Every structure is written in structure tokens, then in C-alpha cells.
Amino acid sequence: MQCKSILCTPIMSKGKLSGILYMENNLSTDAFTPERLEVLKVISAQAAISIENAKLFELATTDGLTRLYVRRYFQLLLNKEIQRARRHNKQFSLIMMDIDNFKAFNDNYGHQLGDEVLRSVARVIKNSSRSEDVAARFGGEEFVMILPETNVQQAMIAAEKIRAMVEKLEIVHGTERLHVTISLGVSTFSE
């Protein structure tokens, strides 16, 4: 079917391009009347505000280096998970993770390579998590994960999977291939 009407207009927020609204109509020509364009302008303005709010929310809740949640937002989600677990009489588990000898790594190889270690470990954590899990950067080289509806045995399996995957990481530094290990702890609510 051939397109008979096309509309393409910028979505602007505070004088900056946030996106582009692109619409096609395959049924009729002149589908985008001046009246409809006015309605689309209002919708585009609301879309621009929503896009801006989503960006601000991401900045406020996500660690810029690791792309995991920040500790403050994690704490809010943990409190909600505790309430949910109590209300529905469900378990959940936490995995605490700490990169072994991270200070020595930074001292020997520099903070840029240390940042790459943090990003790489965070990627492993994120790739190892289920969609319902919540992973966060807890502190400098510490990470934490909430595993909803997960008992201690299941959490231990998940923790071991993360530990083994991190152990396989190779961080390239010149001609060297560096390896990282992490220590993990598991706790289950309400045990």
C-alpha cells in the first residue's frame, strides 16, 4: 500500500530536539489537517516533557559509571520489597558483592582501568540478573542485588554464577590480561 499522507515534525523541549514525530496515513490524502496538527502539537509538547522527565529520572536513579541503580534508589526499592514480602508472606534474598583487592588494583593500574573493572563487573551482574531482580552499586566497589521470591539456596546458586562469570573476566592492560575476583554474601528475608 502506498503512503498518501506523511507528517514529520520535531519534538522540542526547552529549545532542544528531544525526538521526531513521524506519522503516515495510507488511506487518504490531506489526513493531517490544521486542526489535527494543533492536537499533535499539544501531544508533542507532552511527549517532550515525558522524555525530559524520563531522562531526569534515569540521572537521579542510575550510577553514571556502571549503569546500575544508585544506593539511595536501591534503598527505596529494598524497603518496598520488604513491605511486599511481609504483606504476601514471601521470601526474597540479597546478594552483597565486593571486588577483591580493588584498592591495590587501582593503585597498580590506575583509576581508568579501575573504572573499566567496575563497568565489567556491573555488566556481569546485570547480565546475570532476571528481569525482576534489582542490581545496584552500593559503594565504591561494592554491589548489591535484590532477588524477589528467592530462597537462600536459589540465591547461593545465583551468587556462585556471578562469582564464576566475574572470575572469567579478562581486563586488557597493554599486553597483560588481568583477572578480577569478587567476594559475595547472601542473606534471605525473613530468615
# chains A, B, ... in the order shown; residues from 1 in each chain; ligands from 1
>>> residues_around(residues="stretch 84-91 of chain A", least_positions_apart="5", cutoff="8 Å", atoms="only C-alpha atoms", output="list in words")
Pro148, Glu149, Thr150, Asn151, Thr188, Phe189 and Ser190 of chain A
>>> closest_atom_pairs(of="stretch 84-157 of chain A", to="stretch 177-182 of chain A", cutoff="9 Å", atoms="only C-alpha atoms", output="CSV")
residue,atom,partner,partner_atom,distance
A:Met97,CA,A:Ile182,CA,6.5
A:Asp98,CA,A:Ile182,CA,5.5
A:Ile99,CA,A:Ile182,CA,4.3
A:Asp100,CA,A:Ile182,CA,5.1
A:Asn101,CA,A:Thr181,CA,8.5
A:Phe102,CA,A:Val180,CA,8.7
A:Val117,CA,A:Val180,CA,7.7
A:Val121,CA,A:Val180,CA,8.7
>>> closest_residue(among="A:Ile95, A:Leu65, A:Leu7, A:Ala45", to="A:Ala155", atoms="only C-alpha atoms")
A:Ile95
>>> select_by_dssp(residues="stretch 9-176 of chain A", states="helix (DSSP H, G or I)", output="ChimeraX atom specification")
/A:34-61,71-88,102-109,111-128,152-168
>>> residues_around(residues="A:Asp115", least_positions_apart="5", cutoff="10 Å", atoms="only C-alpha atoms", output="JSON list (two decimals) with N, CA, C and O atoms, in the first residue's frame")
[["chain", "number", "residue", "atom", "x", "y", "z"],
["A", 65, "LEU", "N", 28.60, 5.52, 35.94],
["A", 65, "LEU", "CA", 29.71, 4.66, 35.52],
["A", 65, "LEU", "C", 29.25, 3.24, 35.21],
["A", 65, "LEU", "O", 29.58, 2.68, 34.17],
["A", 66, "THR", "N", 28.46, 2.66, 36.10],
["A", 66, "THR", "CA", 28.12, 1.24, 35.98],
["A", 66, "THR", "C", 26.76, 1.00, 35.34],
["A", 66, "THR", "O", 26.45, -0.14, 34.95],
["A", 106, "ASN", "N", 43.57, -0.42, 41.71],
["A", 106, "ASN", "CA", 43.61, 1.00, 41.34],
["A", 106, "ASN", "C", 45.01, 1.58, 41.52],
["A", 106, "ASN", "O", 45.49, 2.33, 40.67],
["A", 110, "GLY", "N", 45.88, 2.19, 37.95],
["A", 110, "GLY", "CA", 45.24, 3.49, 37.73],
["A", 110, "GLY", "C", 43.73, 3.41, 37.77],
["A", 110, "GLY", "O", 43.13, 2.35, 37.60],
["A", 120, "SER", "N", 32.83, -3.60, 33.95],
["A", 120, "SER", "CA", 32.78, -5.01, 33.54],
["A", 120, "SER", "C", 32.06, -5.87, 34.57],
["A", 120, "SER", "O", 31.24, -6.72, 34.20],
["A", 121, "VAL", "N", 32.35, -5.66, 35.84],
["A", 121, "VAL", "CA", 31.67, -6.43, 36.89],
["A", 121, "VAL", "C", 30.18, -6.09, 36.89],
["A", 121, "VAL", "O", 29.33, -6.98, 37.00],
["A", 141, "GLU", "N", 33.36, -0.07, 45.39],
["A", 141, "GLU", "CA", 33.49, -1.32, 44.61],
["A", 141, "GLU", "C", 32.54, -2.38, 45.14],
["A", 141, "GLU", "O", 32.74, -3.57, 44.93]]
>>> residues_around(residues="A:Leu37", least_positions_apart="2", cutoff="12 Å", atoms="only C-alpha atoms", output="NGL selection string")
:A and (6-9 or 21 or 23 or 30-35 or 39-44)
>>> atom_distance(atom1="atom CA of A:Leu184", atom2="atom CA of A:Leu94")
10.1 Å
>>> atom_distance(atom1="atom CA of A:Gly185", atom2="atom CA of A:Met156")
8.6 Å
>>> closest_residue(among="A:Ser93, A:Ser129, A:Ser50, A:Ser183", to="A:Leu78", atoms="only C-alpha atoms")
A:Ser93
